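J.: Below is the file input39.txt, with compact mmCIF, C-alpha atoms.
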```
# COMPACT_ATOMS: atom_id res chain seq x y z
CA MET A 1 -36.60 35.77 17.97
CA ILE A 2 -35.93 39.43 18.76
CA GLU A 3 -32.63 38.51 20.39
CA VAL A 4 -31.48 36.59 17.33
CA LEU A 5 -32.55 39.43 15.04
CA ASP A 6 -30.63 41.89 17.21
CA GLN A 7 -27.57 39.65 16.88
CA HIS A 8 -27.90 39.81 13.11
CA TYR A 9 -28.07 43.61 13.25
CA GLU A 10 -25.04 43.77 15.52
CA ARG A 11 -23.05 41.49 13.21
CA LEU A 12 -23.98 43.66 10.25
CA ARG A 13 -23.06 46.82 12.18
CA LEU A 14 -19.63 45.37 12.95
CA ARG A 15 -19.06 44.43 9.29
CA VAL A 16 -20.00 47.96 8.16
CA ALA A 17 -17.63 49.40 10.78
CA ALA A 18 -14.84 47.14 9.49
CA MET A 19 -15.38 48.40 5.95
CA ARG A 20 -15.26 51.99 7.15
CA GLU A 21 -12.08 51.33 9.08
CA LEU A 22 -10.39 49.85 6.03
CA CYS A 23 -11.34 52.91 3.99
CA ARG A 24 -9.50 55.15 6.45
CA ALA A 25 -6.19 53.69 5.23
CA PRO A 26 -4.16 55.70 2.75
CA ALA A 27 -4.07 52.74 0.35
CA PRO A 28 -6.04 49.53 -0.01
CA GLU A 29 -5.00 46.37 1.77
CA MET A 30 -6.53 44.07 -0.82
CA ALA A 31 -6.55 40.83 1.18
CA GLU A 32 -8.20 42.50 4.18
CA LEU A 33 -10.64 44.31 1.92
CA ALA A 34 -11.64 41.10 0.14
CA ARG A 35 -12.20 39.39 3.50
CA ALA A 36 -14.22 42.33 4.84
CA ARG A 37 -16.36 42.50 1.71
CA HIS A 38 -17.06 38.78 1.93
CA GLN A 39 -17.93 39.00 5.63
CA LEU A 40 -20.29 41.92 5.00
CA MET A 41 -22.06 40.02 2.22
CA ALA A 42 -22.32 36.92 4.41
CA ALA A 43 -23.75 38.88 7.34
CA SER A 44 -26.28 40.53 5.06
CA MET A 45 -27.33 37.24 3.47
CA ASP A 46 -27.63 35.52 6.86
CA ARG A 47 -29.88 38.32 8.13
CA SER A 48 -31.98 38.23 4.97
CA ARG A 49 -32.36 34.46 5.24
CA PHE A 50 -33.43 34.75 8.89
CA LEU A 51 -35.98 37.40 7.96
CA LYS A 52 -37.46 35.36 5.10
CA GLN A 53 -37.43 31.97 6.83
CA THR A 54 -38.29 32.94 10.40
CA VAL A 55 -39.39 36.52 11.02
CA TYR A 56 -41.70 37.12 8.06
CA PRO A 57 -43.59 33.82 8.47
CA ALA A 58 -44.06 34.55 12.18
CA LEU A 59 -45.57 37.94 11.39
CA LEU A 60 -47.75 37.03 8.42
CA GLY A 61 -51.25 36.04 9.31
CA THR A 62 -51.06 37.54 12.79
CA GLY A 63 -53.67 40.17 12.14
CA ILE A 64 -51.27 43.04 12.77
CA ALA A 65 -52.68 45.89 10.72
CA GLY A 66 -50.60 46.60 7.64
CA ILE A 67 -47.88 44.06 8.35
CA ALA A 68 -48.23 42.21 5.04
CA ASP A 69 -47.89 45.47 3.11
CA ALA A 70 -44.94 46.52 5.27
CA LEU A 71 -43.18 43.20 4.62
CA ASP A 72 -43.84 43.54 0.89
CA ALA A 73 -42.32 47.03 0.97
CA LEU A 74 -39.27 45.70 2.82
CA ASP A 75 -38.90 42.95 0.20
CA ILE A 76 -38.99 45.46 -2.65
CA ASP A 77 -36.48 47.67 -0.84
CA LEU A 78 -34.22 44.67 -0.22
CA SER A 79 -34.26 43.76 -3.91
CA THR A 80 -33.24 47.31 -4.78
CA LEU A 81 -30.43 47.30 -2.23
CA ARG A 82 -29.19 43.89 -3.36
CA ALA A 83 -29.03 45.12 -6.94
CA ALA A 84 -27.04 48.18 -5.85
CA ALA A 85 -24.68 46.06 -3.75
CA SER A 86 -24.17 43.61 -6.61
CA LEU A 87 -23.40 46.45 -9.01
CA HIS A 88 -20.97 47.92 -6.48
CA VAL A 89 -19.12 44.62 -6.03
CA THR A 90 -18.93 43.81 -9.73
CA SER A 91 -17.94 47.30 -10.84
CA TRP A 92 -15.32 47.81 -8.11
CA THR A 93 -12.88 45.11 -9.13
CA PRO A 94 -9.52 44.82 -7.35
CA ASP A 95 -7.80 46.59 -10.26
CA ARG A 96 -10.28 49.45 -10.21
CA ILE A 97 -10.05 49.75 -6.42
CA GLY A 98 -6.26 49.92 -6.68
CA ALA A 99 -6.49 52.59 -9.38
CA ASP A 100 -9.09 54.73 -7.56
CA TRP A 101 -8.92 54.00 -3.86
CA ARG A 102 -10.57 57.27 -2.80
CA GLY A 103 -13.34 56.75 -5.35
CA TYR A 104 -13.92 53.27 -4.00
CA CYS A 105 -14.03 54.54 -0.44
CA ALA A 106 -16.60 57.19 -1.37
CA ALA A 107 -18.75 54.64 -3.19
CA SER A 108 -18.37 52.20 -0.30
CA ALA A 109 -19.38 54.88 2.21
CA ALA A 110 -22.56 55.56 0.23
CA LEU A 111 -23.39 51.85 0.16
CA MET A 112 -22.69 51.49 3.89
CA ARG A 113 -25.15 54.33 4.57
CA ARG A 114 -27.79 52.53 2.50
CA ILE A 115 -27.18 49.30 4.40
CA GLU A 116 -27.53 51.12 7.72
CA ASP A 117 -30.67 52.91 6.55
CA ARG A 118 -32.11 49.57 5.51
CA GLY A 119 -31.41 48.09 8.93
CA ARG A 120 -33.14 51.02 10.64
CA ARG A 121 -36.20 50.60 8.38
CA GLU A 122 -36.35 46.91 9.22
CA GLN A 123 -36.04 47.59 12.93
CA THR A 124 -38.76 50.25 12.81
CA VAL A 125 -41.18 47.80 11.22
CA LEU A 126 -40.15 44.47 12.67
CA LEU A 127 -39.17 45.05 16.28
CA PRO A 128 -42.48 46.56 17.45
CA ALA A 129 -44.42 43.86 15.61
CA LEU A 130 -42.28 41.10 17.10
CA ALA A 131 -42.51 42.65 20.57
CA ALA A 132 -46.30 42.57 20.29
CA LEU A 133 -46.14 38.89 19.40
CA THR A 134 -43.48 37.79 21.88
CA PRO A 135 -45.89 36.29 24.40
CA GLN A 136 -47.59 34.34 21.57
CA ILE A 137 -44.31 33.20 19.99
CA ASP A 138 -42.67 32.21 23.26
CA ALA A 139 -45.74 30.38 24.56
```
Write the structure described by the file as structure tokens, please.

T.:
Amino acid sequence: MIEVLDQHYERLRLRVAAMRELCRAPAPEMAELARARHQLMAASMDRSRFLKQTVYPALLGTGIAGIADALDALDIDLSTLRAAASLHVTSWTPDRIGADWRGYCAASAALMRRIEDRGRREQTVLLPALAALTPQIDA
């Protein structure tokens, strides 16, 4: 389970890096940007789905002190981040991106930092808990 979760984090890291690379260009390449945005959203949704369907159920009811509260806090944080990402995507239309490329890149950089911060928070909570359970899960 840890290996699969790490793969999700790596995929997300690569998608964030692709977005950053695109924002280094002097002007937007709209087709590439649309593809990169879609791939980032897909990677994020896949990770979220894996967390909700596999990781969280494996951790709940294990008796790990505070894990239920930690998962609740991660859920609340995820809802906040999803709302911010949705607002970003809907407010930065292709026309607006074309009209304010540097503004888009700045807003995108801020969102990428939030996505990375979120991943670090998840890893801080989930990886030690999963490592403690690995012998039980793999058995």

J.: Counting only C-alpha atoms, which of A:Leu74, A:Ala109, A:Ala99, A:Leu87 gets nearest to Glu21 of chain A?

T.: A:Ala109

J.: Name all residues at most 10 Å from Arg114 of chain A (count only C-alpha atoms; drop same-chain ones fewer than 5 positions away) and give them as a PyMOL selection string.

T.: chain A and resi 81+84-85+108-109+119-120

J.: Which is closer to Gly63 of chain A than all the others in A:Leu5, A:Ala129, A:Ala83, A:Leu78, using all atoms listed in the file?

T.: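 Residue with the minimum atom-to-atom distance to Gly63 of chain A: A:Ala129.
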
J.: Nearest residue to Ala31 of chain A out of A:Val125, A:Pro94, A:Gly103, A:Phe50, using all atoms listed in the file?

T.: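 Distance minimum relative to Ala31 of chain A lands on A:Pro94.
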
J.: Just the number, please: distance in Å from atom CA of Ser79 of chain A to atom CA of Gly98 of chain A, one decimal.

T.: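 If I compute the distance from atom CA of Ser79 of chain A to atom CA of Gly98 of chain A, I get 28.8 Å.
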
J.: Rounded to one decimal place, report the atom CA of Ala17 of chain A-atom CA of Ala131 of chain A distance in Å.

T.: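 Interatomic distance, atom CA of Ala17 of chain A to atom CA of Ala131 of chain A: 27.6 Å.
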
J.: One number please: atom CA of Asp6 of chain A to atom CA of Tyr56 of chain A, in Å, one decimal.

T.: 15.1 Å

J.: Of the candidates A:Met19, A:Leu71, A:Ile97, A:Ala107, which one gets nearest to Leu126 of chain A if we count only C-alpha atoms?

T.: A:Leu71
